[in-house]
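The structure file start36.cif is reproduced below (mmCIF, C-alpha atoms).
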```
data_upload
loop_
_atom_site.label_atom_id
_atom_site.label_comp_id
_atom_site.auth_asym_id
_atom_site.auth_seq_id
_atom_site.Cartn_x
_atom_site.Cartn_y
_atom_site.Cartn_z
CA ASP D 1224 0.00 0.00 0.00
CA ALA D 1225 1.19 3.49 -0.78
CA GLY D 1226 2.09 5.66 2.16
CA VAL D 1227 1.30 9.32 2.59
CA THR D 1228 2.34 11.17 -0.56
CA GLN D 1229 3.20 14.85 -0.69
CA SER D 1230 3.96 17.19 -3.55
CA PRO D 1231 6.09 18.92 -4.49
CA THR D 1232 9.17 17.58 -2.70
CA HIS D 1233 11.04 20.85 -2.91
CA LEU D 1234 9.94 24.39 -3.55
CA ILE D 1235 11.70 27.74 -3.70
CA LYS D 1236 9.63 30.90 -3.35
CA THR D 1237 10.36 34.55 -2.73
CA ARG D 1238 9.00 36.65 0.09
CA GLY D 1239 5.43 37.76 -0.37
CA GLN D 1240 4.50 34.93 -2.69
CA HIS D 1241 1.86 32.29 -2.10
CA VAL D 1242 2.39 28.53 -1.95
CA THR D 1243 0.15 25.47 -2.09
CA LEU D 1244 1.30 22.12 -0.77
CA ARG D 1245 -0.57 18.90 -1.46
CA CYS D 1246 -1.04 15.66 0.41
CA SER D 1247 -2.71 12.31 -0.24
CA PRO D 1248 -3.28 10.17 2.85
CA ILE D 1249 -2.86 6.44 3.18
CA SER D 1250 -5.80 4.65 1.60
CA GLY D 1251 -8.60 4.37 4.15
CA HIS D 1252 -7.27 7.14 6.37
CA LYS D 1253 -9.74 9.96 6.80
CA SER D 1254 -7.76 12.24 9.12
CA VAL D 1255 -5.02 14.48 7.76
CA SER D 1256 -2.74 16.71 9.79
CA TRP D 1257 -0.11 19.25 8.81
CA TYR D 1258 3.08 19.99 10.70
CA GLN D 1259 5.93 22.44 10.20
CA GLN D 1260 9.46 21.37 11.07
CA VAL D 1261 12.18 23.97 11.27
CA LEU D 1262 15.75 22.70 11.15
CA GLY D 1263 16.90 21.37 14.51
CA GLN D 1264 13.45 21.29 16.06
CA GLY D 1265 10.60 18.87 16.35
CA PRO D 1266 7.52 19.23 14.13
CA GLN D 1267 4.92 21.80 15.16
CA PHE D 1268 1.21 21.19 14.68
CA ILE D 1269 -0.54 23.43 12.15
CA PHE D 1270 -3.91 21.84 11.29
CA GLN D 1271 -5.96 18.70 11.52
CA TYR D 1272 -8.81 17.85 9.18
CA TYR D 1273 -11.32 15.04 9.35
CA GLU D 1274 -14.17 14.46 6.93
CA LYS D 1275 -13.42 17.84 5.31
CA GLU D 1276 -13.82 19.72 8.57
CA GLU D 1277 -11.13 21.50 10.52
CA ARG D 1278 -10.75 19.71 13.85
CA GLY D 1279 -7.76 21.51 15.24
CA ARG D 1280 -5.51 24.47 14.61
CA GLY D 1281 -2.09 25.22 16.04
CA ASN D 1282 -0.56 28.56 16.89
CA PHE D 1283 0.03 29.78 13.35
CA PRO D 1284 -1.04 33.09 11.75
CA ASP D 1285 -4.04 33.41 9.45
CA ARG D 1286 -1.66 33.37 6.48
CA PHE D 1287 -1.82 29.60 6.88
CA SER D 1288 -4.95 27.84 5.70
CA ALA D 1289 -5.87 24.35 4.63
CA ARG D 1290 -8.70 22.27 3.32
CA GLN D 1291 -9.59 18.65 2.81
CA PHE D 1292 -11.31 17.26 -0.25
CA PRO D 1293 -13.98 14.53 -0.56
CA ASN D 1294 -11.28 11.98 -1.43
CA TYR D 1295 -9.54 12.94 1.87
CA SER D 1296 -6.57 14.56 0.16
CA SER D 1297 -5.58 17.92 1.52
CA GLU D 1298 -3.94 21.21 0.62
CA LEU D 1299 -1.98 23.59 2.81
CA ASN D 1300 -1.84 27.19 1.63
CA VAL D 1301 0.51 29.85 2.90
CA ASN D 1302 0.08 33.47 1.81
CA ALA D 1303 2.51 36.39 1.99
CA LEU D 1304 5.50 34.15 2.58
CA LEU D 1305 8.13 35.22 5.07
CA LEU D 1306 11.73 34.05 5.34
CA GLY D 1307 10.74 32.33 8.59
CA ASP D 1308 8.32 30.09 6.72
CA SER D 1309 11.27 28.17 5.32
CA ALA D 1310 10.86 24.68 6.74
CA LEU D 1311 9.95 21.08 6.05
CA TYR D 1312 6.17 20.79 5.83
CA LEU D 1313 4.91 17.40 6.84
CA CYS D 1314 1.56 15.86 6.17
CA ALA D 1315 0.40 12.97 8.31
CA SER D 1316 -2.61 10.72 8.12
CA SER D 1317 -4.27 8.51 10.66
CA LEU D 1318 -7.03 5.96 10.56
CA TYR D 1319 -9.16 7.59 13.21
CA GLU D 1320 -10.04 11.13 14.11
CA SER D 1321 -9.51 10.66 17.79
CA ALA D 1322 -6.32 11.10 19.75
CA GLY D 1323 -4.16 8.05 20.17
CA SER D 1324 -4.35 6.79 16.61
CA PRO D 1325 -0.75 6.78 15.35
CA LEU D 1326 0.19 9.37 12.77
CA HIS D 1327 2.02 8.30 9.64
CA PHE D 1328 4.05 11.02 7.97
CA GLY D 1329 4.73 11.65 4.32
CA ASN D 1330 8.17 12.53 3.00
CA GLY D 1331 7.46 16.22 3.34
CA THR D 1332 7.81 19.30 1.20
CA ARG D 1333 10.91 21.36 1.79
CA LEU D 1334 10.03 25.01 1.31
CA THR D 1335 12.74 27.62 0.94
CA VAL D 1336 11.75 31.28 1.00
CA THR D 1337 14.33 33.73 -0.33
CA GLN P 227 8.46 26.25 29.08
CA LYS P 228 8.48 23.55 26.46
CA GLU P 229 5.75 20.99 26.93
CA VAL P 230 7.89 18.04 25.90
CA GLU P 231 11.57 17.95 26.83
CA GLN P 232 14.07 15.42 25.62
CA ASN P 233 17.46 14.68 27.14
CA SER P 234 20.09 16.78 25.48
CA GLY P 235 22.23 15.05 22.94
CA PRO P 236 24.00 14.07 21.01
CA LEU P 237 24.16 10.57 22.44
CA SER P 238 26.79 8.09 21.32
CA VAL P 239 26.79 4.39 22.14
CA PRO P 240 28.92 1.51 20.85
CA GLU P 241 27.39 -1.09 18.58
CA GLY P 242 25.59 -3.76 20.59
CA ALA P 243 24.99 -1.53 23.61
CA ILE P 244 21.68 -0.32 25.00
CA ALA P 245 20.70 3.21 24.03
CA SER P 246 18.42 5.02 26.49
CA LEU P 247 16.41 7.99 25.31
CA ASN P 248 14.39 10.02 27.78
CA CYS P 249 11.54 12.45 27.62
CA THR P 250 9.53 14.43 30.16
CA TYR P 251 6.27 16.25 29.61
CA SER P 252 4.47 19.01 31.45
CA ASP P 253 0.87 18.54 30.27
CA ARG P 254 -0.81 16.10 32.63
CA GLY P 255 -3.62 15.87 30.08
CA SER P 256 -1.33 13.99 27.71
CA GLN P 257 -2.61 10.47 27.28
CA SER P 258 -0.74 9.00 24.33
CA PHE P 259 2.96 9.04 23.61
CA PHE P 260 4.85 8.31 20.45
CA TRP P 261 8.45 7.74 19.48
CA TYR P 262 9.52 8.63 15.98
CA ARG P 263 12.86 8.08 14.29
CA GLN P 264 14.05 10.66 11.78
CA TYR P 265 17.03 10.16 9.54
CA SER P 266 18.78 13.27 8.30
CA GLY P 267 16.77 14.89 5.52
CA LYS P 268 13.90 12.43 5.88
CA SER P 269 10.49 12.51 7.50
CA PRO P 270 9.68 11.04 10.94
CA GLU P 271 8.98 7.33 11.02
CA LEU P 272 6.82 5.85 13.78
CA ILE P 273 8.66 3.39 15.99
CA MET P 274 6.38 2.86 18.94
CA PHE P 275 3.41 4.27 20.79
CA ILE P 276 2.34 3.76 24.37
CA TYR P 277 -0.79 4.70 26.26
CA SER P 278 -0.60 2.83 29.56
CA ASN P 279 1.83 3.01 32.44
CA GLY P 280 4.55 0.40 32.27
CA ASP P 281 6.62 -1.13 29.52
CA LYS P 282 5.80 -2.00 25.94
CA GLU P 283 8.22 -4.08 23.93
CA ASP P 284 8.55 -4.47 20.18
CA GLY P 285 11.62 -6.31 18.99
CA ARG P 286 14.72 -4.43 20.09
CA PHE P 287 12.68 -1.44 21.25
CA THR P 288 11.04 -0.94 24.64
CA ALA P 289 8.95 2.10 25.50
CA GLN P 290 8.34 2.97 29.12
CA LEU P 291 5.70 5.32 30.48
CA ASN P 292 5.32 6.68 33.99
CA LYS P 293 2.41 9.11 34.12
CA ALA P 294 2.92 9.94 37.79
CA SER P 295 6.45 11.14 37.05
CA GLN P 296 5.45 12.46 33.59
CA TYR P 297 8.26 10.50 32.06
CA VAL P 298 8.59 8.51 28.85
CA SER P 299 11.61 6.59 27.67
CA LEU P 300 12.76 4.47 24.77
CA LEU P 301 15.35 1.74 25.12
CA ILE P 302 17.08 0.32 22.09
CA ARG P 303 18.78 -2.99 22.76
CA ASP P 304 21.65 -4.35 20.66
CA SER P 305 22.08 -0.95 19.00
CA GLN P 306 23.13 -1.00 15.37
CA PRO P 307 24.80 1.70 13.25
CA SER P 308 21.55 1.84 11.26
CA ASP P 309 19.84 3.10 14.44
CA SER P 310 21.84 6.33 14.15
CA ALA P 311 19.20 9.02 13.74
CA THR P 312 17.30 11.69 15.62
CA TYR P 313 14.61 10.30 17.92
CA LEU P 314 11.55 12.41 18.53
CA CYS P 315 9.26 12.01 21.51
CA ALA P 316 5.69 13.28 21.18
CA GLY P 317 2.72 13.52 23.51
CA GLU P 318 -0.94 13.92 22.69
CA PRO P 319 -3.82 15.00 24.93
CA GLY P 320 -6.86 12.79 25.07
CA SER P 321 -9.05 15.65 23.95
CA ALA P 322 -7.32 16.72 20.76
CA ARG P 323 -5.72 15.17 17.74
CA GLN P 324 -2.40 17.00 17.83
CA LEU P 325 1.04 15.88 18.81
CA THR P 326 3.48 18.02 20.76
CA PHE P 327 7.02 17.05 19.87
CA GLY P 328 10.26 17.46 21.72
CA SER P 329 13.30 18.82 19.92
CA GLY P 330 14.72 15.35 19.44
CA THR P 331 17.80 13.49 20.59
CA GLN P 332 20.48 12.67 18.06
CA LEU P 333 21.78 9.14 18.52
CA THR P 334 24.99 7.85 16.99
CA VAL P 335 25.84 4.16 17.19
CA LEU P 336 29.55 3.65 16.73
CA PRO P 337 30.68 0.51 14.85
#
```
Re-express the file's structure as structure tokens.
Amino acid sequence: DAGVTQSPTHLIKTRGQHVTLRCSPISGHKSVSWYQQVLGQGPQFIFQYYEKEERGRGNFPDRFSARQFPNYSSELNVNALLLGDSALYLCASSLYESAGSPLHFGNGTRLTVT
Amino acid sequence: QKEVEQNSGPLSVPEGAIASLNCTYSDRGSQSFFWYRQYSGKSPELIMFIYSNGDKEDGRFTAQLNKASQYVSLLIRDSQPSDSATYLCAGEPGSARQLTFGSGTQLTVLP
């Protein structure tokens, strides 16, 4: 079975631009979460979606938004990019919505903002 | 104050030794705990999860949880050079589907 797939793998943008990152969960997984990982730190929670509804949001500005589609894939959008948005963006899926169900991460999208 | 703290690394152990990775957490609402392994430039890979106090074993890995002391650990027996990676500890409250990660401990297993 395919794991969590993310696209693109790498992206270079300039400050002020907009970016869209995409994620397809493991087949059968209905919950998708997004995390940001800055070099040298652990991932930080951005969003969780389940059945197309936002179930949780981390401490990120409104420039960050996301959505989930009927096929459970998801997009993360970041507007007005800042240099500090440079990071590895990880998508994770889980079988259940509830806490405790292990998260399985994709390979990530490495975003560089210049 | 960080909610999940991991013992400062880097940690080096000889091949065949036991590697001990430790983690403490401040949120008493945390119910589930996860250990992920992350190779350089790669994404985190789930190794183990534990919900109940005590030990949980899976092959060479043993996770230990002590909720009274707010302490989680991961033991790797018979360490191999391929175990060299950064190990991330994460906690999750019972009420929300979001993990809080520590900064990770870099482990090097010396041949």
Would you please work out which residue, of D:Thr1243, D:Asn1282, D:Ser1324, D:Asn1294, is nearest to Tyr1312 (chain D) when using only C-alpha atoms?
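Ranking D:Thr1243, D:Asn1282, D:Ser1324, D:Asn1294 by distance to Tyr1312 (chain D), first place goes to D:Thr1243.
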Which residues of chain D are close to chain P, meaning at most 8 Å apart when you count only C-alpha atoms, and how do they look as a list in words?
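Within 8 Å of chain P on chain D, we get Gly1263, Gln1264, Gly1265, Pro1266, Gln1267, Phe1268, Gln1271, Arg1278, Gly1279, Leu1313, Glu1320, Ser1321, Ala1322, Gly1323, Pro1325, Leu1326, His1327, Phe1328, Gly1329, Asn1330 and Gly1331 of chain D.
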Going by the chain IDs and residue numbers used in this file, which residues fall under the PyMOL selection byres ((chain D and resi 1250) around 9)? Write them as a list in words.
Asp1224, Ala1225, Gly1226, Val1227, Ser1247, Pro1248, Ile1249, Gly1251, His1252 and Lys1253 of chain D
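Residues in contact range of Gln306 (chain P), defined as at most 9 Å between only C-alpha atoms, with sequence neighbours fewer than 3 positions away removed, read Pro240, Glu241, Gly242, Ala243, Arg303, Asp309, Ser310, Val335, Leu336 and Pro337 of chain P.
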Can you work out which one of D:Thr1337, D:Tyr1272, D:Val1301, D:Lys1236 has the shortest atom-to-atom distance to Cys1314 (chain D), counting all atoms listed in the file?
D:Tyr1272
Selected by the PyMOL selection byres ((chain D and resi 1309) around 12) in the shown coordinates: which residues, as a list in words?
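Against this file, the PyMOL selection byres ((chain D and resi 1309) around 12) returns the residues His1233, Leu1234, Ile1235, Lys1236, Thr1237, Arg1238, Val1242, Gln1259, Gln1260, Val1261, Leu1262, Val1301, Leu1304, Leu1305, Leu1306, Gly1307, Asp1308, Ala1310, Leu1311, Tyr1312, Thr1332, Arg1333, Leu1334, Thr1335, Val1336 and Thr1337 of chain D.
The two atoms in question, CA of Arg1280 (chain D) and CA of Ser1254 (chain D), are spaced 13.6 Å apart.
For the pair CA of Glu229 (chain P) and CA of Tyr297 (chain P), the interatomic distance is 11.9 Å.
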Spell out the residues picked by the PyMOL selection byres ((chain P and resi 293) around 10) here, as a list in words.
Thr250, Tyr251, Arg254, Gly255, Ser256, Gln257, Tyr277, Ser278, Asn279, Gly280, Gln290, Leu291, Asn292, Ala294, Ser295, Gln296, Tyr297 and Val298 of chain P
Of the candidates P:Thr334, P:Ser305, P:Ser299, P:Gln264, which shows the shortest atom-to-atom distance to Glu231 (chain P), using only C-alpha atoms?
P:Ser299
d(CA of Ala1315 (chain D), CA of Ile1269 (chain D)) in Å:
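Spanning CA of Ala1315 (chain D) to CA of Ile1269 (chain D) is a straight-line distance of 11.2 Å.
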Cys1246 (chain D) environment, 7 Å, only C-alpha atoms, sequence neighbours closer than 5 positions dropped, as an MDAnalysis selection string
chainID D and resid 1228:1230 1296:1298 1314
Counting all atoms listed in the file, figure out which residue out of P:Ala311, P:Leu247, P:Asp281, P:Asp253 gets nearest to Asn233 (chain P).
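Once distances to Asn233 (chain P) are computed over all atoms listed in the file, the minimum belongs to P:Leu247.
Residue nearest Asp284 (chain P) within the list P:Pro236, P:Ser252, P:Leu301, P:Ser246: P:Leu301 [criterion: smallest interatomic distance, all atoms listed in the file].
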